>>> print(open('data_23.cif').read())   # mmCIF, C-alpha atoms
data_protein
loop_
_atom_site.label_atom_id
_atom_site.label_comp_id
_atom_site.auth_asym_id
_atom_site.auth_seq_id
_atom_site.Cartn_x
_atom_site.Cartn_y
_atom_site.Cartn_z
CA MET A 690 0.00 0.00 0.00
CA GLN A 691 1.39 3.40 -0.90
CA HIS A 692 1.90 5.83 1.93
CA HIS A 693 1.39 9.49 1.13
CA HIS A 694 2.79 12.16 3.37
CA HIS A 695 -0.56 13.88 3.47
CA GLU A 696 -3.03 11.06 3.84
CA GLN A 697 -6.51 12.43 3.44
CA TYR A 698 -8.96 11.08 5.94
CA ILE A 699 -12.34 11.80 7.47
CA GLU A 700 -13.75 11.28 10.94
CA VAL A 701 -17.25 9.91 11.58
CA CYS A 702 -18.77 8.80 14.88
CA GLY A 703 -15.37 8.70 16.58
CA ARG A 704 -13.63 6.68 13.87
CA THR A 705 -11.11 7.75 11.25
CA TYR A 706 -11.27 6.52 7.65
CA LEU A 707 -8.58 6.87 4.99
CA PHE A 708 -9.51 8.06 1.51
CA PRO A 709 -9.95 5.10 -0.84
CA LYS A 710 -6.89 4.48 -3.07
CA GLN A 711 -9.07 2.69 -5.64
CA PRO A 712 -12.83 2.40 -6.20
CA THR A 713 -14.31 0.81 -3.07
CA VAL A 714 -17.67 -0.96 -3.10
CA VAL A 715 -19.55 -2.14 -0.02
CA ILE A 716 -22.45 -4.50 -0.70
CA CYS A 717 -25.08 -5.32 1.91
CA ILE A 718 -26.73 -8.62 0.90
CA ASP A 719 -29.98 -8.21 2.80
CA GLY A 720 -30.98 -11.25 4.89
CA CYS A 721 -27.83 -13.19 3.97
CA ALA A 722 -27.41 -15.65 6.83
CA PRO A 723 -23.97 -17.35 6.71
CA GLY A 724 -25.68 -20.50 5.39
CA TYR A 725 -26.36 -18.80 2.05
CA ILE A 726 -22.60 -18.46 1.57
CA THR A 727 -21.59 -21.92 2.84
CA GLU A 728 -24.32 -23.79 0.95
CA SER A 729 -23.69 -21.92 -2.32
CA GLU A 730 -19.96 -22.41 -1.94
CA SER A 731 -20.30 -26.14 -1.40
CA LYS A 732 -22.42 -26.36 -4.58
CA GLY A 733 -19.79 -24.37 -6.52
CA VAL A 734 -22.23 -21.67 -7.66
CA ILE A 735 -20.37 -18.62 -6.27
CA PRO A 736 -16.83 -18.75 -7.75
CA ALA A 737 -16.12 -15.02 -7.33
CA ILE A 738 -17.16 -15.01 -3.66
CA SER A 739 -15.25 -18.27 -3.12
CA SER A 740 -12.09 -16.68 -4.48
CA MET A 741 -12.64 -13.71 -2.16
CA ILE A 742 -12.89 -16.12 0.77
CA SER A 743 -9.63 -17.84 -0.14
CA SER A 744 -7.54 -14.80 -1.19
CA GLY A 745 -9.20 -12.04 0.84
CA PHE A 746 -10.73 -12.11 4.31
CA TYR A 747 -13.82 -13.98 5.54
CA HIS A 748 -15.26 -13.93 9.04
CA ILE A 749 -18.61 -14.14 10.82
CA ALA A 750 -19.72 -10.84 12.34
CA ASP A 751 -22.53 -9.75 14.64
CA ALA A 752 -25.30 -7.54 13.29
CA VAL A 753 -27.14 -4.93 15.35
CA ILE A 754 -30.11 -6.06 17.45
CA PRO A 755 -32.94 -5.60 16.49
CA ALA A 756 -31.79 -7.62 13.48
CA PHE A 757 -33.80 -5.54 11.01
CA THR A 758 -32.96 -3.70 7.80
CA ASN A 759 -32.99 -0.02 8.79
CA PRO A 760 -30.97 -0.09 12.04
CA ASN A 761 -28.32 -2.28 10.42
CA ASN A 762 -27.97 -0.44 7.11
CA VAL A 763 -27.66 2.85 8.96
CA SER A 764 -25.13 1.32 11.39
CA ILE A 765 -23.08 0.10 8.42
CA ILE A 766 -22.89 3.54 6.77
CA CYS A 767 -22.14 5.25 10.10
CA GLY A 768 -19.70 2.64 11.38
CA ALA A 769 -21.54 2.86 14.69
CA PRO A 770 -24.42 1.32 16.68
CA PRO A 771 -27.94 2.83 17.01
CA SER A 772 -27.03 4.51 20.33
CA VAL A 773 -24.93 6.85 18.16
CA HIS A 774 -27.05 7.27 15.00
CA GLY A 775 -30.55 6.97 16.48
CA VAL A 776 -32.28 4.58 14.06
CA THR A 777 -33.72 1.60 15.95
CA GLY A 778 -36.32 0.10 13.64
CA ASN A 779 -38.37 0.42 10.48
CA TYR A 780 -41.42 1.35 12.56
CA TYR A 781 -41.83 2.99 15.93
CA LEU A 782 -44.22 4.65 18.37
CA ASP A 783 -43.73 8.38 18.78
CA LYS A 784 -44.24 8.65 22.53
CA ALA A 785 -45.01 12.37 22.39
CA THR A 786 -47.95 11.97 19.99
CA GLY A 787 -48.93 8.32 20.45
CA GLN A 788 -48.68 7.95 16.66
CA GLU A 789 -47.18 4.87 15.06
CA ILE A 790 -44.67 6.00 12.43
CA MET A 791 -43.04 4.17 9.54
CA MET A 792 -39.50 5.31 8.97
CA LEU A 793 -39.35 6.46 5.36
CA ASP A 794 -37.08 9.46 5.81
CA ALA A 795 -33.99 10.55 7.71
CA SER A 796 -35.80 12.25 10.61
CA GLN A 797 -34.43 9.73 13.13
CA MET A 798 -30.78 10.26 12.12
CA ARG A 799 -28.52 11.73 14.81
CA SER A 800 -25.12 11.50 13.15
CA SER A 801 -23.53 12.11 9.79
CA THR A 802 -22.51 9.12 7.69
CA ILE A 803 -19.25 7.85 6.23
CA LEU A 804 -20.76 8.45 2.79
CA SER A 805 -21.77 12.07 3.42
CA GLU A 806 -18.47 12.96 5.10
CA PHE A 807 -16.40 11.55 2.24
CA ALA A 808 -18.55 13.43 -0.27
CA ASN A 809 -18.07 16.65 1.74
CA ALA A 810 -14.33 16.04 1.65
CA GLY A 811 -14.37 15.83 -2.14
CA ALA A 812 -14.78 12.11 -2.82
CA SER A 813 -17.23 10.95 -5.46
CA VAL A 814 -19.88 8.85 -3.68
CA ALA A 815 -22.90 6.88 -4.88
CA VAL A 816 -25.61 4.84 -3.14
CA VAL A 817 -27.99 2.39 -4.77
CA THR A 818 -30.60 0.65 -2.64
CA ALA A 819 -33.25 -1.89 -3.59
CA LYS A 820 -36.15 -0.32 -1.69
CA ASP A 821 -36.86 3.37 -1.72
CA LYS A 822 -37.79 3.26 2.00
CA LEU A 823 -34.07 3.23 2.84
CA ARG A 824 -32.84 5.80 0.35
CA LYS A 825 -33.40 8.92 2.40
CA ALA A 826 -31.63 7.54 5.45
CA LEU A 827 -28.72 6.20 3.39
CA SER A 828 -28.34 9.48 1.51
CA TYR A 829 -28.68 11.65 4.63
CA GLY A 830 -26.55 14.77 4.12
CA LEU A 831 -25.04 13.23 0.98
CA ASN A 832 -23.87 15.37 -1.89
CA GLY A 833 -23.75 12.61 -4.48
CA ILE A 834 -25.79 10.02 -6.34
CA ALA A 835 -28.49 8.11 -4.43
CA PHE A 836 -31.41 6.19 -5.91
CA SER A 837 -33.42 2.99 -5.48
CA ALA A 838 -33.97 0.16 -7.94
CA GLN A 839 -37.65 0.30 -6.99
CA ASN A 840 -38.00 3.86 -8.36
CA ALA A 841 -35.17 3.80 -10.89
CA ASP A 842 -37.44 5.21 -13.59
CA GLU A 843 -38.23 8.34 -11.55
CA CYS A 844 -34.73 9.70 -10.89
CA THR A 845 -34.05 13.42 -11.20
CA LEU A 846 -30.79 15.35 -10.91
CA GLY A 847 -32.23 17.46 -8.11
CA GLU A 848 -33.47 14.59 -5.92
CA HIS A 849 -31.13 11.71 -6.81
CA GLY A 850 -28.06 13.35 -8.35
CA ILE A 851 -28.64 11.37 -11.56
CA GLU A 852 -31.27 10.93 -14.26
CA ASP A 853 -32.08 8.35 -16.93
CA VAL A 854 -30.98 5.46 -14.70
CA THR A 855 -32.96 2.89 -16.68
CA THR A 856 -31.15 4.06 -19.84
CA LEU A 857 -27.81 3.78 -18.02
CA VAL A 858 -28.57 0.25 -16.81
CA GLY A 859 -30.20 -0.73 -20.09
CA ARG A 860 -33.44 -2.08 -18.63
CA GLU A 861 -36.67 -1.04 -16.97
CA ALA A 862 -37.12 -0.63 -13.22
CA PRO A 863 -37.85 -4.12 -11.82
CA ASP A 864 -40.89 -5.31 -9.89
CA GLN A 865 -40.45 -4.52 -6.18
CA TYR A 866 -41.42 -8.08 -5.27
CA SER A 867 -38.79 -9.78 -7.40
CA ALA A 868 -35.26 -11.11 -7.03
CA ASP A 869 -34.44 -8.79 -9.93
CA LEU A 870 -34.81 -5.78 -7.63
CA SER A 871 -31.50 -6.74 -5.99
CA LEU A 872 -29.81 -7.68 -9.25
CA PHE A 873 -30.76 -4.28 -10.68
CA VAL A 874 -28.92 -2.63 -7.77
CA LEU A 875 -25.75 -4.54 -8.68
CA ASP A 876 -26.18 -3.88 -12.42
CA ALA A 877 -26.59 -0.17 -11.69
CA GLY A 878 -23.46 -0.29 -9.50
CA ILE A 879 -21.48 -1.87 -12.34
CA ARG A 880 -22.65 0.82 -14.78
CA LEU A 881 -21.77 3.59 -12.30
CA LEU A 882 -18.27 2.12 -11.91
CA GLU A 883 -17.91 1.96 -15.70
CA THR A 884 -19.19 5.47 -16.41
CA ARG A 885 -18.68 7.59 -13.28
CA GLN A 886 -15.79 5.86 -11.45
CA PRO A 887 -17.04 6.75 -7.95
CA ASP A 888 -14.48 6.54 -5.13
CA LEU A 889 -17.05 4.97 -2.83
CA LEU A 890 -20.16 2.99 -3.70
CA TYR A 891 -22.70 1.49 -1.28
CA LEU A 892 -25.11 -1.12 -2.70
CA SER A 893 -27.94 -2.41 -0.51
CA LEU A 894 -30.06 -5.36 -1.70
CA SER A 895 -33.48 -6.76 -0.74
CA ASP A 896 -34.16 -9.96 1.26
CA LEU A 897 -37.20 -11.13 -0.69
CA VAL A 898 -35.48 -14.35 -1.82
CA GLN A 899 -34.21 -15.18 1.68
CA HIS A 900 -37.68 -14.63 3.14
CA GLN A 901 -38.97 -17.21 0.66
CA TYR A 902 -36.24 -19.83 0.36
CA ASP A 903 -33.79 -21.50 2.71
CA PRO A 904 -30.08 -21.64 1.73
CA GLU A 905 -30.36 -25.18 0.27
CA HIS A 906 -33.21 -24.29 -2.09
CA GLU A 907 -32.39 -24.12 -5.80
CA MET A 908 -33.99 -20.66 -6.04
CA ALA A 909 -31.68 -19.35 -3.32
CA GLN A 910 -28.71 -20.97 -5.06
CA ALA A 911 -29.71 -19.42 -8.40
CA PHE A 912 -30.01 -16.00 -6.76
CA MET A 913 -26.60 -16.29 -5.10
CA HIS A 914 -25.14 -17.33 -8.47
CA GLU A 915 -26.60 -14.22 -10.13
CA ILE A 916 -25.15 -12.01 -7.37
CA ASP A 917 -21.79 -13.73 -7.76
CA GLN A 918 -21.62 -13.10 -11.50
CA ARG A 919 -22.07 -9.39 -10.85
CA ILE A 920 -19.45 -9.37 -8.10
CA GLN A 921 -17.06 -10.88 -10.62
CA LYS A 922 -17.69 -7.90 -12.93
CA ILE A 923 -17.16 -5.42 -10.09
CA GLN A 924 -13.87 -7.14 -9.26
CA ALA A 925 -12.81 -7.02 -12.91
CA LEU A 926 -13.32 -3.24 -12.80
CA GLY A 927 -10.55 -3.02 -10.20
CA ALA A 928 -12.66 -2.31 -7.11
CA VAL A 929 -11.99 -3.28 -3.52
CA ILE A 930 -15.16 -5.07 -2.38
CA GLY A 931 -16.63 -5.49 1.08
CA ILE A 932 -19.63 -7.79 1.50
CA VAL A 933 -21.76 -7.91 4.62
CA ALA A 934 -25.39 -8.52 5.62
CA ASP A 935 -27.81 -6.51 7.72
CA HIS A 936 -29.23 -9.62 9.40
CA GLY A 937 -29.69 -13.34 8.96
CA MET A 938 -32.92 -15.26 8.41
CA SER A 939 -34.71 -18.10 10.23
CA ASP A 940 -37.56 -20.47 9.58
CA LEU A 941 -40.33 -19.47 12.00
CA SER A 942 -42.82 -22.22 11.15
CA ARG A 943 -44.10 -25.29 12.93
CA GLU A 944 -43.55 -28.78 11.59
CA ASP A 945 -46.91 -28.67 9.80
CA GLY A 946 -45.79 -25.53 7.95
CA THR A 947 -47.98 -23.02 9.80
CA PRO A 948 -46.36 -19.87 11.23
CA ASN A 949 -45.13 -20.30 14.81
CA VAL A 950 -46.35 -16.99 16.24
CA VAL A 951 -46.79 -15.63 19.76
CA TYR A 952 -49.28 -12.75 19.46
CA LEU A 953 -48.05 -10.78 22.43
CA GLY A 954 -50.55 -7.96 21.99
CA ASP A 955 -53.49 -10.36 22.26
CA ILE A 956 -52.01 -12.06 25.34
CA LEU A 957 -51.38 -8.75 27.14
CA ASP A 958 -54.84 -7.42 26.18
CA GLN A 959 -56.37 -10.59 27.61
CA HIS A 960 -54.49 -10.24 30.89
CA HIS A 961 -54.65 -6.46 31.36
CA GLY A 962 -57.53 -5.15 29.25
CA HIS A 963 -57.53 -3.31 25.94
CA ASP A 964 -55.67 -0.09 25.12
CA ARG A 965 -53.47 -0.19 28.22
CA ILE A 966 -50.44 -1.74 26.51
CA ARG A 967 -49.25 -1.36 22.94
CA VAL A 968 -46.99 -3.83 21.18
CA ILE A 969 -44.98 -2.39 18.28
CA CYS A 970 -43.36 -4.60 15.63
CA PRO A 971 -40.37 -2.60 14.36
CA ILE A 972 -40.03 -4.92 11.33
CA THR A 973 -43.18 -3.36 9.84
CA ASP A 974 -42.40 -1.66 6.54
CA PRO A 975 -44.10 -1.07 3.18
CA PHE A 976 -43.01 -4.58 2.15
CA VAL A 977 -44.95 -6.80 4.57
CA LYS A 978 -46.02 -9.23 1.85
CA HIS A 979 -43.23 -11.70 2.57
CA HIS A 980 -43.18 -11.57 6.38
CA GLY A 981 -46.58 -10.28 7.52
CA ALA A 982 -44.79 -7.79 9.83
CA LEU A 983 -43.71 -10.72 12.00
CA GLY A 984 -40.17 -10.96 13.33
CA GLY A 985 -38.24 -11.97 16.42
CA PHE A 986 -38.19 -8.62 18.22
CA VAL A 987 -41.01 -6.41 19.53
CA ARG A 988 -41.32 -3.36 21.76
CA VAL A 989 -43.91 -3.11 24.52
CA HIS A 990 -45.18 0.32 25.55
CA LEU A 991 -47.18 0.65 28.77
CA LEU A 992 -49.81 3.29 28.02
CA ASP A 993 -51.37 3.11 31.48
CA GLU A 994 -49.02 4.45 34.13
CA SER A 995 -50.64 2.39 36.87
CA LEU A 996 -49.27 -0.82 35.32
CA ASP A 997 -46.21 -2.29 37.04
CA ARG A 998 -43.44 -2.79 34.52
CA GLU A 999 -41.52 -5.38 36.54
CA THR A 1000 -44.60 -7.61 36.91
CA ILE A 1001 -45.46 -7.45 33.21
CA MET A 1002 -41.84 -8.09 32.25
CA GLN A 1003 -41.77 -11.23 34.40
CA GLU A 1004 -45.09 -12.34 32.94
CA ILE A 1005 -43.78 -11.96 29.36
CA ALA A 1006 -40.48 -13.69 30.20
CA GLN A 1007 -42.33 -16.79 31.36
CA LEU A 1008 -44.35 -17.22 28.16
CA PRO A 1009 -43.34 -20.12 25.91
CA GLY A 1010 -41.40 -18.93 22.86
CA ILE A 1011 -39.81 -15.94 24.62
CA GLU A 1012 -36.02 -15.77 24.80
CA ARG A 1013 -35.74 -12.54 26.81
CA ALA A 1014 -37.91 -9.73 28.14
CA MET A 1015 -35.80 -6.75 29.13
CA SER A 1016 -36.29 -3.30 30.58
CA ARG A 1017 -35.61 -0.27 28.40
CA GLU A 1018 -32.42 0.42 30.37
CA MET A 1019 -31.16 -3.15 30.04
CA ALA A 1020 -31.89 -3.33 26.30
CA ALA A 1021 -30.20 0.02 25.64
CA ALA A 1022 -27.08 -1.06 27.52
CA CYS A 1023 -27.01 -4.58 26.11
CA PHE A 1024 -27.63 -3.76 22.45
CA GLU A 1025 -26.27 -0.18 22.25
CA LEU A 1026 -29.65 1.40 21.57
CA PRO A 1027 -30.65 5.02 22.28
CA LEU A 1028 -32.32 5.00 25.70
CA ASP A 1029 -34.73 7.86 24.93
CA ARG A 1030 -36.18 5.98 21.94
CA GLU A 1031 -36.61 2.64 23.68
CA ALA A 1032 -39.93 1.14 24.78
CA ASP A 1033 -40.73 0.23 28.40
CA ILE A 1034 -40.05 -3.44 27.67
CA VAL A 1035 -38.07 -5.07 24.84
CA VAL A 1036 -38.90 -8.67 23.92
CA LEU A 1037 -36.83 -11.15 21.91
CA ALA A 1038 -38.23 -14.40 20.56
CA ALA A 1039 -36.68 -17.81 21.07
CA LYS A 1040 -35.20 -19.54 18.02
CA GLY A 1041 -37.87 -20.52 15.50
CA VAL A 1042 -40.56 -18.26 17.00
CA ALA A 1043 -42.14 -15.10 15.58
CA LEU A 1044 -43.59 -12.32 17.72
CA GLY A 1045 -46.66 -10.36 16.69
CA ALA A 1046 -48.88 -7.65 18.13
CA ARG A 1047 -52.50 -8.76 17.74
CA ALA A 1048 -53.49 -11.45 15.25
CA VAL A 1049 -55.80 -8.96 13.53
CA ASP A 1050 -52.79 -6.67 12.84
CA HIS A 1051 -51.00 -9.25 10.70
CA ASP A 1052 -52.05 -10.38 7.23
CA LEU A 1053 -50.55 -13.80 6.59
CA SER A 1054 -52.68 -14.57 3.53
CA GLN A 1055 -49.83 -13.33 1.32
CA LEU A 1056 -47.50 -16.09 2.44
CA GLU A 1057 -49.47 -18.20 -0.07
CA GLY A 1058 -48.82 -21.45 1.74
CA ARG A 1059 -45.07 -20.84 2.08
CA ARG A 1060 -43.30 -21.26 5.40
CA LEU A 1061 -42.79 -18.07 7.40
CA ARG A 1062 -39.13 -17.02 7.33
CA SER A 1063 -38.14 -13.85 9.13
CA HIS A 1064 -35.62 -12.16 11.45
CA GLY A 1065 -35.11 -9.75 14.34
CA SER A 1066 -33.74 -11.69 17.27
CA LEU A 1067 -30.40 -13.12 18.45
CA SER A 1068 -30.84 -16.14 16.15
CA GLU A 1069 -30.37 -13.87 13.13
CA GLN A 1070 -27.49 -11.81 14.51
CA GLN A 1071 -24.67 -13.70 12.80
CA VAL A 1072 -23.80 -12.50 9.31
CA PRO A 1073 -20.99 -13.05 6.78
CA PHE A 1074 -18.24 -10.41 6.59
CA LEU A 1075 -16.06 -10.55 3.52
CA VAL A 1076 -13.27 -8.40 2.01
CA SER A 1077 -11.94 -9.04 -1.50
CA HIS A 1078 -8.32 -8.22 -0.61
CA ALA A 1079 -5.96 -9.49 2.08
CA ILE A 1080 -6.08 -7.47 5.29
CA SER A 1081 -3.33 -6.47 7.70
CA GLU A 1082 -2.22 -8.49 10.72
CA THR A 1083 -3.59 -5.76 13.01
CA TYR A 1084 -7.04 -6.08 11.47
CA ARG A 1085 -6.98 -9.86 11.48
CA HIS A 1086 -6.25 -9.65 15.19
CA LYS A 1087 -9.07 -7.10 15.73
CA ALA A 1088 -11.51 -9.52 14.10
CA LYS A 1089 -10.62 -12.24 16.60
CA LEU A 1090 -11.63 -9.92 19.42
CA GLY A 1091 -15.10 -9.47 17.94
CA LEU A 1092 -16.39 -8.19 14.64
CA ARG A 1093 -19.55 -6.21 13.88
CA ASN A 1094 -21.18 -5.84 10.48
CA PHE A 1095 -20.74 -2.07 10.82
CA ASP A 1096 -16.93 -2.50 10.87
CA ILE A 1097 -16.95 -3.17 7.11
CA PHE A 1098 -15.95 0.35 5.96
CA ASP A 1099 -13.14 0.37 8.53
CA TYR A 1100 -11.82 -2.90 7.05
CA VAL A 1101 -12.06 -1.97 3.35
CA LEU A 1102 -10.66 1.55 3.84
CA ASN A 1103 -8.16 1.14 6.69
CA GLY A 1104 -7.48 -2.56 7.00
CA LEU A 1105 -5.96 -3.65 3.69
CA GLU A 1106 -2.49 -5.15 3.75
#
>>> encode(input="data_23.cif", output="structure tokens")
Amino acid sequence: MQHHHHEQYIEVCGRTYLFPKQPTVVICIDGCAPGYITESESKGVIPAISSMISSGFYHIADAVIPAFTNPNNVSIICGAPPSVHGVTGNYYLDKATGQEIMMLDASQMRSSTILSEFANAGASVAVVTAKDKLRKALSYGLNGIAFSAQNADECTLGEHGIEDVTTLVGREAPDQYSADLSLFVLDAGIRLLETRQPDLLYLSLSDLVQHQYDPEHEMAQAFMHEIDQRIQKIQALGAVIGIVADHGMSDLSREDGTPNVVYLGDILDQHHGHDRIRVICPITDPFVKHHGALGGFVRVHLLDESLDRETIMQEIAQLPGIERAMSREMAAACFELPLDREADIVVLAAKGVALGARAVDHDLSQLEGRRLRSHGSLSEQQVPFLVSHAISETYRHKAKLGLRNFDIFDYVLNGLE
């Protein structure tokens, strides 16, 4: 690695990052449990990723809890946990107003991002995300290109820093409920590298395929193969590549194939009466078709001040299918979450169990007879962490002490040999 006397660097959330020496691409493969890598590798369908594993760096890292899309993607681009950046779910209860709010903007963001700081320092930066719901958070404060595959046909220079994306990529915007949504992100990334040569590129995929198919399934294998072919092209363009996931994925169905759900809202209503306790499912987003807003992590708000938190927490902890019920303070300390945004009680499901609010709040008809696969809890915390190039001894040692998915920019920018 060349050493310049005046190394340019930026600082974000207490970390320092060196300017990229060559185009650097970080890919978040949404919902990619480690099994998707190991299974595909054993079947020989991901040669590019396999070569990265053998000649670069591969490790298992821990994602942020709750193991959902928004908190993890934002952690990755900030290089920091939610206690620093403020985003703790896709969906939350605004305690001041009592309104339930879907996070579709950057209003929850409390820190700048690696992407925005590099752009401010003169680097050329681009972001492509599968779903538009993430775009505003990912492009928070960013002077650069940022668009979603979902709305690729609506890009304007003013809003997205680019226009005519479908012309650039050479195909129409894909269906939002298709594997192609993710492949379009990668294809767009390849075209940006070919035409714009950005210094830094963040590509965030969708987990539709992982919600539908386990790692052994031929559809999952085919999808991983398609991703791999695109990674090969990105590598051929001379980029340093980091690959990570926002969370894993688990089968949350019973043996007979029906969803294995604990409807916590119904149980608490039964025990304590209606409208005294509200259960919020932070997985809820505009894309509930493939998970019915069911995941392994929920927040419990006590609306009635006369309720005793300790008693209710114990009651929840003893229910079958519950891994942990924790106080706001405990959850914030344990999972590095912002205390002021936490619910009274945080609940994590046991392995193979989904948590819901009330049965009436969840539409499972769209599963169309498929098994429920989802995420959110400790069972989905482990994710693959992969760098295309060899990394330094110092960084290999750091990994042994514990690696987080949001360390990826540190590794691709600072950790190369």
>>> residues_near_point(input="data_23.cif", point="(-21.8, -0.1, 18.8)", cutoff="6 Å", atoms="all atoms listed in the file", output="list in words")
Ala769, Pro770 and Glu1025 of chain A
>>> resolve_selection(input="data_23.cif", expression="the PyMOL selection byres ((chain A and resi 701-715) around 7)", output="MDAnalysis selection string")
chainID A and resid 697:700 716:717 767 769 801:803 886:892 928:932 1099 1102:1103
>>> axis_aligned_box(input="data_23.cif", around="region 736-740 of chain A", padding_each_side="5 Å", output="JSON")
{"center_x": -14.6, "center_y": -16.9, "center_z": -5.4, "size_x": 15.1, "size_y": 13.7, "size_z": 14.6}
>>> resolve_selection(input="data_23.cif", expression="the PyMOL selection byres ((chain A and resi 979-988) around 7)", output="PDB file with C-alpha atoms, in the coordinates of the input")
ATOM      1  CA  PRO A 755     -32.940  -5.600  16.490  1.00  0.00           C
ATOM      2  CA  LEU A 897     -37.200 -11.130  -0.690  1.00  0.00           C
ATOM      3  CA  HIS A 900     -37.680 -14.630   3.140  1.00  0.00           C
ATOM      4  CA  VAL A 968     -46.990  -3.830  21.180  1.00  0.00           C
ATOM      5  CA  ILE A 969     -44.980  -2.390  18.280  1.00  0.00           C
ATOM      6  CA  CYS A 970     -43.360  -4.600  15.630  1.00  0.00           C
ATOM      7  CA  PRO A 971     -40.370  -2.600  14.360  1.00  0.00           C
ATOM      8  CA  ILE A 972     -40.030  -4.920  11.330  1.00  0.00           C
ATOM      9  CA  THR A 973     -43.180  -3.360   9.840  1.00  0.00           C
ATOM     10  CA  VAL A 977     -44.950  -6.800   4.570  1.00  0.00           C
ATOM     11  CA  LYS A 978     -46.020  -9.230   1.850  1.00  0.00           C
ATOM     12  CA  VAL A 989     -43.910  -3.110  24.520  1.00  0.00           C
ATOM     13  CA  HIS A 990     -45.180   0.320  25.550  1.00  0.00           C
ATOM     14  CA  ALA A1032     -39.930   1.140  24.780  1.00  0.00           C
ATOM     15  CA  ILE A1034     -40.050  -3.440  27.670  1.00  0.00           C
ATOM     16  CA  VAL A1035     -38.070  -5.070  24.840  1.00  0.00           C
ATOM     17  CA  VAL A1036     -38.900  -8.670  23.920  1.00  0.00           C
ATOM     18  CA  LEU A1037     -36.830 -11.150  21.910  1.00  0.00           C
ATOM     19  CA  ALA A1038     -38.230 -14.400  20.560  1.00  0.00           C
ATOM     20  CA  VAL A1042     -40.560 -18.260  17.000  1.00  0.00           C
ATOM     21  CA  ALA A1043     -42.140 -15.100  15.580  1.00  0.00           C
ATOM     22  CA  LEU A1044     -43.590 -12.320  17.720  1.00  0.00           C
ATOM     23  CA  GLY A1045     -46.660 -10.360  16.690  1.00  0.00           C
ATOM     24  CA  HIS A1051     -51.000  -9.250  10.700  1.00  0.00           C
ATOM     25  CA  ASP A1052     -52.050 -10.380   7.230  1.00  0.00           C
ATOM     26  CA  LEU A1053     -50.550 -13.800   6.590  1.00  0.00           C
ATOM     27  CA  GLN A1055     -49.830 -13.330   1.320  1.00  0.00           C
ATOM     28  CA  LEU A1056     -47.500 -16.090   2.440  1.00  0.00           C
ATOM     29  CA  LEU A1061     -42.790 -18.070   7.400  1.00  0.00           C
ATOM     30  CA  ARG A1062     -39.130 -17.020   7.330  1.00  0.00           C
ATOM     31  CA  SER A1063     -38.140 -13.850   9.130  1.00  0.00           C
ATOM     32  CA  HIS A1064     -35.620 -12.160  11.450  1.00  0.00           C
ATOM     33  CA  GLY A1065     -35.110  -9.750  14.340  1.00  0.00           C
ATOM     34  CA  SER A1066     -33.740 -11.690  17.270  1.00  0.00           C
TER      35      SER A1066
END
>>> atom_distance(input="data_23.cif", atom1="CA of Tyr725 (chain A)", atom2="CA of Pro904 (chain A)")
4.7 Å
>>> resolve_selection(input="data_23.cif", expression="the PyMOL selection byres ((chain A and resi 1075) around 7)", output="list in words")
Ile742, Phe746, Tyr747, His748, Gly931, Ile932, Val933, Pro1073, Phe1074, Val1076 and Ser1077 of chain A
>>> closest_residue(input="data_23.cif", among="A:Gly720, A:Thr1083, A:Arg943, A:Ser729", to="His914 (chain A)", atoms="all atoms listed in the file")
A:Ser729
>>> atom_distance(input="data_23.cif", atom1="CA of Asn759 (chain A)", atom2="CA of Thr818 (chain A)")
11.7 Å
>>> closest_residue(input="data_23.cif", among="A:Gly859, A:Ala752, A:Glu883, A:Ser893", to="Asp821 (chain A)", atoms="only C-alpha atoms")
A:Ser893
>>> residues_near_point(input="data_23.cif", point="(-29.6, 8.3, 19.5)", cutoff="6 Å", atoms="only C-alpha atoms", output="list in words")
Ser772, Val773, His774, Gly775, Arg799 and Pro1027 of chain A
>>> closest_residue(input="data_23.cif", among="A:Gly1091, A:Gly830, A:Gly878, A:Gly847", to="Ala815 (chain A)", atoms="only C-alpha atoms")
A:Gly878
>>> closest_residue(input="data_23.cif", among="A:Asp974, A:Asp955, A:Glu1018, A:Glu728", to="Tyr780 (chain A)", atoms="only C-alpha atoms")
A:Asp974
>>> closest_residue(input="data_23.cif", among="A:Glu1012, A:Asp869, A:Asp719, A:Asp794", to="Ser1068 (chain A)", atoms="only C-alpha atoms")
A:Glu1012
>>> atom_distance(input="data_23.cif", atom1="CA of Gln1071 (chain A)", atom2="CA of Pro723 (chain A)")
7.1 Å
>>> decode(input="data_23.cif", residues="region 1011-1016 of chain A", atoms="N, CA and C atoms", output="JSON list (two decimals), in the first residue's frame")
[["chain", "number", "residue", "atom", "x", "y", "z"],
["A", 1011, "ILE", "N", -40.51, -17.20, 24.34],
["A", 1011, "ILE", "CA", -39.81, -15.94, 24.62],
["A", 1011, "ILE", "C", -38.39, -16.23, 25.07],
["A", 1012, "GLU", "N", -37.44, -15.62, 24.40],
["A", 1012, "GLU", "CA", -36.02, -15.77, 24.80],
["A", 1012, "GLU", "C", -35.69, -14.83, 25.95],
["A", 1013, "ARG", "N", -36.03, -13.53, 25.77],
["A", 1013, "ARG", "CA", -35.74, -12.54, 26.81],
["A", 1013, "ARG", "C", -36.77, -11.42, 26.80],
["A", 1014, "ALA", "N", -37.13, -10.97, 28.01],
["A", 1014, "ALA", "CA", -37.91, -9.73, 28.14],
["A", 1014, "ALA", "C", -37.06, -8.82, 29.00],
["A", 1015, "MET", "N", -36.76, -7.63, 28.47],
["A", 1015, "MET", "CA", -35.80, -6.75, 29.13],
["A", 1015, "MET", "C", -36.38, -5.36, 29.34],
["A", 1016, "SER", "N", -35.89, -4.69, 30.37],
["A", 1016, "SER", "CA", -36.29, -3.30, 30.58],
["A", 1016, "SER", "C", -35.63, -2.43, 29.52]]
